[in-house]
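Shown here: protein12.cif, mmCIF, C-alpha atoms, pLDDT in the B column; chains and numbers go by the auth columns.
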```cif
data_final
loop_
_atom_site.group_PDB
_atom_site.id
_atom_site.type_symbol
_atom_site.label_atom_id
_atom_site.label_comp_id
_atom_site.label_asym_id
_atom_site.label_seq_id
_atom_site.Cartn_x
_atom_site.Cartn_y
_atom_site.Cartn_z
_atom_site.B_iso_or_equiv
_atom_site.auth_seq_id
_atom_site.auth_asym_id
ATOM 1 C CA MET A 1 127.604 123.747 69.215 41.00 1 E
ATOM 2 C CA SER A 2 131.017 124.638 70.599 43.00 2 E
ATOM 3 C CA THR A 3 133.371 122.535 68.509 46.00 3 E
ATOM 4 C CA SER A 4 135.438 121.564 71.563 67.00 4 E
ATOM 5 C CA LEU A 5 132.352 120.168 73.350 67.00 5 E
ATOM 6 C CA ASN A 6 131.475 117.776 70.545 71.00 6 E
ATOM 7 C CA SER A 7 130.762 114.047 70.302 67.00 7 E
ATOM 8 C CA THR A 8 134.465 113.166 70.328 69.00 8 E
ATOM 9 C CA TYR A 9 135.065 115.199 73.499 67.00 9 E
ATOM 10 C CA TRP A 10 132.163 113.678 75.431 56.00 10 E
ATOM 11 C CA ASN A 11 132.777 110.134 74.240 58.00 11 E
ATOM 12 C CA LYS A 12 136.402 110.420 75.382 69.00 12 E
ATOM 13 C CA ARG A 13 135.208 111.534 78.819 65.00 13 E
ATOM 14 C CA TYR A 14 133.072 108.383 79.121 55.00 14 E
ATOM 15 C CA LEU A 15 135.800 106.096 77.800 60.00 15 E
ATOM 16 C CA GLU A 16 138.266 107.539 80.318 60.00 16 E
ATOM 17 C CA GLN A 17 135.586 107.493 83.050 66.00 17 E
ATOM 18 C CA ARG A 18 136.085 111.212 83.676 60.00 18 E
ATOM 19 C CA VAL A 19 132.425 111.674 84.579 55.00 19 E
ATOM 20 C CA GLY A 20 132.424 113.537 87.875 56.00 20 E
ATOM 21 C CA TRP A 21 128.798 114.577 87.362 58.00 21 E
ATOM 22 C CA ASP A 22 127.708 110.925 87.247 57.00 22 E
ATOM 23 C CA LEU A 23 126.076 109.886 90.534 61.00 23 E
ATOM 24 C CA GLY A 24 125.673 106.200 89.646 61.00 24 E
ATOM 25 C CA VAL A 25 121.990 106.450 90.656 69.00 25 E
ATOM 26 C CA PRO A 26 119.069 108.760 89.836 85.00 26 E
ATOM 27 C CA SER A 27 119.512 112.259 91.231 88.00 27 E
ATOM 28 C CA THR A 28 117.595 112.509 94.518 92.00 28 E
ATOM 29 C CA PRO A 29 115.529 115.586 93.536 95.00 29 E
ATOM 30 C CA LEU A 30 114.620 114.073 90.146 95.00 30 E
ATOM 31 C CA LYS A 31 113.767 110.696 91.682 96.00 31 E
ATOM 32 C CA ALA A 32 111.413 112.453 94.111 97.00 32 E
ATOM 33 C CA TYR A 33 109.832 114.359 91.217 98.00 33 E
ATOM 34 C CA ILE A 34 109.482 111.206 89.106 98.00 34 E
ATOM 35 C CA ASP A 35 107.686 109.547 92.015 98.00 35 E
ATOM 36 C CA THR A 36 104.926 112.182 91.700 97.00 36 E
ATOM 37 C CA LEU A 37 104.220 111.344 88.022 98.00 37 E
ATOM 38 C CA THR A 38 100.991 109.414 87.470 97.00 38 E
ATOM 39 C CA ASP A 39 100.662 108.983 83.692 97.00 39 E
ATOM 40 C CA PRO A 40 102.952 106.195 82.443 97.00 40 E
ATOM 41 C CA SER A 41 101.965 106.906 78.831 98.00 41 E
ATOM 42 C CA MET A 42 103.528 110.378 78.801 98.00 42 E
ATOM 43 C CA ARG A 43 106.370 111.024 76.352 98.00 43 E
ATOM 44 C CA ILE A 44 109.518 111.997 78.260 98.00 44 E
ATOM 45 C CA LEU A 45 112.821 113.292 76.895 98.00 45 E
ATOM 46 C CA ILE A 46 116.087 113.346 78.843 97.00 46 E
ATOM 47 C CA PRO A 47 118.563 115.523 76.929 95.00 47 E
ATOM 48 C CA GLY A 48 122.269 114.878 77.391 89.00 48 E
ATOM 49 C CA GLY A 49 121.156 111.863 79.389 86.00 49 E
ATOM 50 C CA GLY A 50 124.579 110.239 79.673 81.00 50 E
ATOM 51 C CA ASN A 51 124.404 106.981 81.609 83.00 51 E
ATOM 52 C CA ALA A 52 120.700 107.777 82.061 89.00 52 E
ATOM 53 C CA TYR A 53 119.891 106.484 85.544 91.00 53 E
ATOM 54 C CA GLU A 54 116.677 108.534 85.528 95.00 54 E
ATOM 55 C CA ALA A 55 115.624 106.889 82.249 96.00 55 E
ATOM 56 C CA GLU A 56 116.289 103.462 83.732 96.00 56 E
ATOM 57 C CA TYR A 57 114.283 104.337 86.847 97.00 57 E
ATOM 58 C CA LEU A 58 111.354 105.603 84.770 98.00 58 E
ATOM 59 C CA PHE A 59 111.423 102.602 82.446 97.00 59 E
ATOM 60 C CA LYS A 60 111.393 100.144 85.350 96.00 60 E
ATOM 61 C CA LYS A 61 108.416 102.016 86.820 97.00 61 E
ATOM 62 C CA GLY A 62 106.448 101.348 83.613 98.00 62 E
ATOM 63 C CA PHE A 63 107.082 104.577 81.699 98.00 63 E
ATOM 64 C CA ASN A 64 107.629 103.102 78.248 97.00 64 E
ATOM 65 C CA ASN A 65 107.758 106.350 76.247 98.00 65 E
ATOM 66 C CA VAL A 66 111.072 107.574 77.622 98.00 66 E
ATOM 67 C CA PHE A 67 113.623 108.935 75.145 98.00 67 E
ATOM 68 C CA VAL A 68 117.266 109.781 75.788 95.00 68 E
ATOM 69 C CA VAL A 69 119.530 111.865 73.562 95.00 69 E
ATOM 70 C CA ASP A 70 123.284 112.111 74.039 91.00 70 E
ATOM 71 C CA LEU A 71 126.303 112.803 71.834 86.00 71 E
ATOM 72 C CA ALA A 72 128.406 109.973 73.265 85.00 72 E
ATOM 73 C CA PRO A 73 128.016 106.431 71.880 86.00 73 E
ATOM 74 C CA GLU A 74 129.784 105.120 74.983 84.00 74 E
ATOM 75 C CA ALA A 75 127.034 106.565 77.199 83.00 75 E
ATOM 76 C CA LYS A 76 124.450 104.565 75.272 91.00 76 E
ATOM 77 C CA ALA A 77 126.603 101.427 75.478 89.00 77 E
ATOM 78 C CA ASN A 78 126.894 101.840 79.263 85.00 78 E
ATOM 79 C CA PHE A 79 123.147 102.324 79.568 91.00 79 E
ATOM 80 C CA LYS A 80 122.268 99.341 77.375 94.00 80 E
ATOM 81 C CA ARG A 81 124.485 97.072 79.470 92.00 81 E
ATOM 82 C CA ARG A 82 122.443 98.029 82.542 91.00 82 E
ATOM 83 C CA CYS A 83 119.055 98.223 80.861 93.00 83 E
ATOM 84 C CA PRO A 84 119.074 95.814 77.875 96.00 84 E
ATOM 85 C CA ASP A 85 115.265 95.797 77.514 96.00 85 E
ATOM 86 C CA PHE A 86 115.112 99.552 76.843 97.00 86 E
ATOM 87 C CA PRO A 87 114.039 100.082 73.212 97.00 87 E
ATOM 88 C CA GLU A 88 117.034 100.610 70.933 93.00 88 E
ATOM 89 C CA ASN A 89 115.282 103.369 68.996 96.00 89 E
ATOM 90 C CA GLN A 90 114.564 105.425 72.128 98.00 90 E
ATOM 91 C CA PHE A 91 118.195 106.252 72.939 95.00 91 E
ATOM 92 C CA TRP A 92 119.417 108.611 70.240 96.00 92 E
ATOM 93 C CA VAL A 93 123.121 109.275 69.738 93.00 93 E
ATOM 94 C CA GLN A 94 122.837 112.741 68.243 93.00 94 E
ATOM 95 C CA ASP A 95 122.821 116.453 68.973 92.00 95 E
ATOM 96 C CA PHE A 96 119.916 117.593 71.178 95.00 96 E
ATOM 97 C CA PHE A 97 119.396 120.579 68.884 95.00 97 E
ATOM 98 C CA GLU A 98 118.619 118.203 65.999 95.00 98 E
ATOM 99 C CA VAL A 99 115.767 116.424 67.800 97.00 99 E
ATOM 100 C CA ASN A 100 112.473 117.031 66.036 96.00 100 E
ATOM 101 C CA ASP A 101 109.574 115.607 68.042 97.00 101 E
ATOM 102 C CA HIS A 102 107.139 116.536 70.816 98.00 102 E
ATOM 103 C CA PHE A 103 107.182 115.583 74.474 98.00 103 E
ATOM 104 C CA ASP A 104 104.982 115.943 77.530 98.00 104 E
ATOM 105 C CA LEU A 105 107.963 116.222 79.851 98.00 105 E
ATOM 106 C CA ILE A 106 111.629 117.110 79.496 98.00 106 E
ATOM 107 C CA LEU A 107 113.853 116.175 82.438 98.00 107 E
ATOM 108 C CA GLU A 108 116.945 118.336 82.851 95.00 108 E
ATOM 109 C CA GLN A 109 119.871 116.817 84.735 87.00 109 E
ATOM 110 C CA THR A 110 123.427 118.180 84.182 81.00 110 E
ATOM 111 C CA PHE A 111 122.905 118.831 80.448 88.00 111 E
ATOM 112 C CA PHE A 112 122.221 122.577 80.573 92.00 112 E
ATOM 113 C CA CYS A 113 125.351 123.152 82.675 87.00 113 E
ATOM 114 C CA ALA A 114 127.430 121.143 80.175 85.00 114 E
ATOM 115 C CA LEU A 115 126.449 123.373 77.249 88.00 115 E
ATOM 116 C CA HIS A 116 128.613 126.365 76.512 88.00 116 E
ATOM 117 C CA PRO A 117 126.807 129.404 78.001 91.00 117 E
ATOM 118 C CA SER A 118 126.493 130.886 74.507 92.00 118 E
ATOM 119 C CA GLN A 119 123.962 128.100 73.765 93.00 119 E
ATOM 120 C CA ARG A 120 121.678 128.687 76.740 95.00 120 E
ATOM 121 C CA SER A 121 119.200 130.947 74.984 96.00 121 E
ATOM 122 C CA ALA A 122 118.990 128.475 72.071 96.00 122 E
ATOM 123 C CA TYR A 123 118.408 125.660 74.578 96.00 123 E
ATOM 124 C CA ALA A 124 115.414 127.458 76.111 97.00 124 E
ATOM 125 C CA GLN A 125 113.974 128.117 72.642 97.00 125 E
ATOM 126 C CA LYS A 126 114.504 124.491 71.587 97.00 126 E
ATOM 127 C CA VAL A 127 112.762 123.192 74.701 97.00 127 E
ATOM 128 C CA ALA A 128 109.800 125.463 73.935 97.00 128 E
ATOM 129 C CA GLN A 129 109.603 123.887 70.455 97.00 129 E
ATOM 130 C CA LEU A 130 109.830 120.314 71.736 98.00 130 E
ATOM 131 C CA LEU A 131 107.210 120.518 74.481 98.00 131 E
ATOM 132 C CA THR A 132 103.520 119.988 73.856 97.00 132 E
ATOM 133 C CA PRO A 133 101.323 122.997 74.761 96.00 133 E
ATOM 134 C CA THR A 134 100.536 121.366 78.132 96.00 134 E
ATOM 135 C CA GLY A 135 104.071 120.030 78.616 98.00 135 E
ATOM 136 C CA THR A 136 106.585 120.628 81.385 98.00 136 E
ATOM 137 C CA ILE A 137 110.325 120.916 81.753 98.00 137 E
ATOM 138 C CA ALA A 138 111.592 120.057 85.208 98.00 138 E
ATOM 139 C CA GLY A 139 114.964 119.414 86.716 97.00 139 E
ATOM 140 C CA LEU A 140 118.048 120.995 88.182 94.00 140 E
ATOM 141 C CA PHE A 141 120.315 123.915 87.394 93.00 141 E
ATOM 142 C CA PHE A 142 123.630 124.481 89.123 88.00 142 E
ATOM 143 C CA ASP A 143 123.645 127.517 91.410 91.00 143 E
ATOM 144 C CA PHE A 144 127.220 128.757 91.659 88.00 144 E
ATOM 145 C CA PRO A 145 129.168 131.468 89.842 86.00 145 E
ATOM 146 C CA LEU A 146 129.708 131.041 86.126 76.00 146 E
ATOM 147 C CA ILE A 147 133.061 129.302 85.687 74.00 147 E
ATOM 148 C CA ASP A 148 135.167 127.922 82.873 73.00 148 E
ATOM 149 C CA GLY A 149 133.538 124.493 82.620 71.00 149 E
ATOM 150 C CA PRO A 150 132.010 122.187 81.910 75.00 150 E
ATOM 151 C CA PRO A 151 130.197 122.245 84.188 79.00 151 E
ATOM 152 C CA PHE A 152 129.438 125.914 83.773 83.00 152 E
ATOM 153 C CA GLY A 153 127.655 127.553 86.673 85.00 153 E
ATOM 154 C CA GLY A 154 125.008 130.227 86.685 91.00 154 E
ATOM 155 C CA SER A 155 122.390 131.965 88.792 94.00 155 E
ATOM 156 C CA LYS A 156 118.634 132.096 89.271 96.00 156 E
ATOM 157 C CA THR A 157 118.518 135.611 87.790 96.00 157 E
ATOM 158 C CA GLU A 158 120.426 134.500 84.709 95.00 158 E
ATOM 159 C CA TYR A 159 118.209 131.449 84.138 96.00 159 E
ATOM 160 C CA GLU A 160 115.088 133.591 84.406 97.00 160 E
ATOM 161 C CA THR A 161 116.297 135.725 81.494 97.00 161 E
ATOM 162 C CA TYR A 162 116.414 132.667 79.210 97.00 162 E
ATOM 163 C CA PHE A 163 113.110 131.089 80.164 97.00 163 E
ATOM 164 C CA LYS A 164 110.734 133.929 81.095 97.00 164 E
ATOM 165 C CA PRO A 165 109.981 134.891 77.483 96.00 165 E
ATOM 166 C CA ASP A 166 108.413 131.508 76.639 96.00 166 E
ATOM 167 C CA PHE A 167 107.651 129.823 79.984 98.00 167 E
ATOM 168 C CA ARG A 168 105.668 130.176 83.173 97.00 168 E
ATOM 169 C CA LEU A 169 108.224 129.623 85.943 97.00 169 E
ATOM 170 C CA SER A 170 106.105 127.644 88.396 97.00 170 E
ATOM 171 C CA VAL A 171 109.046 126.628 90.600 97.00 171 E
ATOM 172 C CA LEU A 172 112.632 127.909 90.667 97.00 172 E
ATOM 173 C CA GLU A 173 114.117 127.470 94.113 96.00 173 E
ATOM 174 C CA ARG A 174 117.019 125.999 96.061 94.00 174 E
ATOM 175 C CA SER A 175 116.780 122.223 96.028 92.00 175 E
ATOM 176 C CA TYR A 176 116.164 120.940 99.575 90.00 176 E
ATOM 177 C CA ASN A 177 116.965 117.276 98.851 88.00 177 E
ATOM 178 C CA SER A 178 120.202 117.466 96.870 83.00 178 E
ATOM 179 C CA ILE A 179 122.928 114.955 97.680 75.00 179 E
ATOM 180 C CA PRO A 180 125.334 116.247 100.378 80.00 180 E
ATOM 181 C CA GLU A 181 128.051 117.193 97.858 81.00 181 E
ATOM 182 C CA ARG A 182 125.585 119.417 95.988 78.00 182 E
ATOM 183 C CA GLN A 183 123.690 120.929 98.918 85.00 183 E
ATOM 184 C CA GLY A 184 123.281 124.656 98.346 83.00 184 E
ATOM 185 C CA LYS A 185 124.511 124.364 94.756 87.00 185 E
ATOM 186 C CA GLU A 186 121.355 123.251 92.904 92.00 186 E
ATOM 187 C CA LEU A 187 118.099 124.940 91.924 96.00 187 E
ATOM 188 C CA PHE A 188 115.058 122.737 91.318 97.00 188 E
ATOM 189 C CA PHE A 189 112.656 124.041 88.711 97.00 189 E
ATOM 190 C CA ILE A 190 109.351 123.309 86.987 98.00 190 E
ATOM 191 C CA PHE A 191 108.430 125.410 83.932 98.00 191 E
ATOM 192 C CA GLN A 192 105.488 125.232 81.492 98.00 192 E
ATOM 193 C CA PRO A 193 105.268 126.823 78.051 97.00 193 E
ATOM 194 C CA LYS A 194 103.220 129.984 77.809 94.00 194 E
ATOM 195 C CA ALA A 195 100.212 129.768 75.531 85.00 195 E
ATOM 196 C CA LYS A 196 101.082 130.781 71.986 71.00 196 E
ATOM 197 C CA GLU A 197 99.328 133.987 70.951 60.00 197 E
#
```

Represent the structure contained in this file as structure tokens.
Amino acid sequence: MSTSLNSTYWNKRYLEQRVGWDLGVPSTPLKAYIDTLTDPSMRILIPGGGNAYEAEYLFKKGFNNVFVVDLAPEAKANFKRRCPDFPENQFWVQDFFEVNDHFDLILEQTFFCALHPSQRSAYAQKVAQLLTPTGTIAGLFFDFPLIDGPPFGGSKTEYETYFKPDFRLSVLERSYNSIPERQGKELFFIFQPKAKE
């Protein structure tokens, strides 16, 4: 992990409320995707979940096996104030790369773009380890030139290079239902792990 983008850095951002990525509600494309899910028993991970509006939405819809991981204790505190019934042991304050479990679904929302680009290949490999053989990763990538972030941008072609080795890229396209401020700047995706040989 880039030492500058560590727990102290992210916690300070939450304490100072410098969270420009935070919509205050579930992301529209992810909310629409969540509304298509039919198995409330599935195990779901939201990496870098922050204030975790998607986790709250899922939990209130009856998805009880939702897990959130984030480096910032303040993010968990914010979430628990809003969603006090969410199980304490399902919001982990730790590094995503240290998670050791298996999930049916990983929801990606602003975490990938917050990682230093040097970690992107490791992220794709970690996701492949965490998903069950029939699992899915779905979510949003930012679609604008790579900049000095966070958030760091990127392109469809770049993302394909990280995920094609281990995933079937079922969907990777411009998001049609992004919020107005992000129209034309987000790619919605759905990937499944390739069968291990």

Near-E:Ser41 list (10 Å; all atoms listed in the file; drop same-chain fewer than 3 positions) as a PDB file with C-alpha atoms, keeping the file's coordinate frame:
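What ended up in result31.pdb:
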```pdb
ATOM      1  CA  THR E  38     100.991 109.414  87.470  1.00 97.00           C
ATOM      2  CA  ILE E  44     109.518 111.997  78.260  1.00 98.00           C
ATOM      3  CA  GLY E  62     106.448 101.348  83.613  1.00 98.00           C
ATOM      4  CA  PHE E  63     107.082 104.577  81.699  1.00 98.00           C
ATOM      5  CA  ASN E  64     107.629 103.102  78.248  1.00 97.00           C
ATOM      6  CA  ASN E  65     107.758 106.350  76.247  1.00 98.00           C
ATOM      7  CA  VAL E  66     111.072 107.574  77.622  1.00 98.00           C
ATOM      8  CA  ASP E 104     104.982 115.943  77.530  1.00 98.00           C
TER       9      ASP E 104
END
```

Matched chain/residue IDs from the PyMOL selection byres ((chain E and resi 34) around 10), as a PDB file with C-alpha atoms, in the frame of the given file:
```
ATOM      1  CA  PRO E  26     119.069 108.760  89.836  1.00 85.00           C
ATOM      2  CA  THR E  28     117.595 112.509  94.518  1.00 92.00           C
ATOM      3  CA  PRO E  29     115.529 115.586  93.536  1.00 95.00           C
ATOM      4  CA  LEU E  30     114.620 114.073  90.146  1.00 95.00           C
ATOM      5  CA  LYS E  31     113.767 110.696  91.682  1.00 96.00           C
ATOM      6  CA  ALA E  32     111.413 112.453  94.111  1.00 97.00           C
ATOM      7  CA  TYR E  33     109.832 114.359  91.217  1.00 98.00           C
ATOM      8  CA  ASP E  35     107.686 109.547  92.015  1.00 98.00           C
ATOM      9  CA  THR E  36     104.926 112.182  91.700  1.00 97.00           C
ATOM     10  CA  LEU E  37     104.220 111.344  88.022  1.00 98.00           C
ATOM     11  CA  THR E  38     100.991 109.414  87.470  1.00 97.00           C
ATOM     12  CA  GLU E  54     116.677 108.534  85.528  1.00 95.00           C
ATOM     13  CA  TYR E  57     114.283 104.337  86.847  1.00 97.00           C
ATOM     14  CA  LEU E  58     111.354 105.603  84.770  1.00 98.00           C
ATOM     15  CA  LYS E  61     108.416 102.016  86.820  1.00 97.00           C
ATOM     16  CA  LEU E 107     113.853 116.175  82.438  1.00 98.00           C
ATOM     17  CA  ALA E 138     111.592 120.057  85.208  1.00 98.00           C
TER      18      ALA E 138
END
```

Suppose you want the space between atom CA of E:Leu140 and atom CA of E:Lys194; what is it in Å? 20.2 Å

Which residue out of E:Ile179, E:Met42, E:Ala55, E:Leu187 has the minimum interatomic distance to E:Phe141 when all atoms listed in the file are used?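 When distances to E:Phe141 are compared using all atoms listed in the file, the smallest one comes from E:Leu187.
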
Hits from the PyMOL selection byres ((chain E and resi 127) around 12), listed as a PyMOL selection string: chain E and resi 45-47+96-108+112+120-126+128-133+135-138+162-163+166-167+191-193

Any idea what's packed within 9 Å of E:Glu160, counting only C-alpha atoms, ignoring anything in its chain fewer than 4 positions away? Could you give it as an MDAnalysis selection string? chainID E and resid 155:156 164:165 169 172

Atom CA of E:Tyr159 to atom CA of E:Gln109, distance in Å rounded to a single decimal: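 That distance, rounded to one decimal, is 14.7 Å.
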
For E:Gly49, find every residue with an atom within 7 Å (counting only C-alpha atoms), except residues of its own chain fewer than 5 positions away, and show them as a VMD selection string. chain E and resid 68 to 70

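Interatomic distance, atom CA of E:Lys60 to atom CA of E:Ser27: 15.7 Å.
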
For E:Gly149: contacts at 8 Å, all atoms listed in the file, fewer than 3 positions along chain excluded, given as a list in words: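 The contact residues come out as Ala114, Phe152 and Gly153 of chain E.
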
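Ranking E:Asn89, E:Asn177, E:Asn51, E:Gln94 by their shortest atom-to-atom distance to E:Asn6, with all atoms listed in the file included, puts E:Gln94 first.
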
Nearest residue to E:Leu115 out of E:Thr134, E:Gln183, E:Gly139, E:Gly154, using only C-alpha atoms? E:Gly154

Can you spell out as a ChimeraX atom specification the set of residues that the PyMOL selection byres ((chain E and resi 83) around 12) selects in the structure I just provided? /E:51-60,76-82,84-88,91
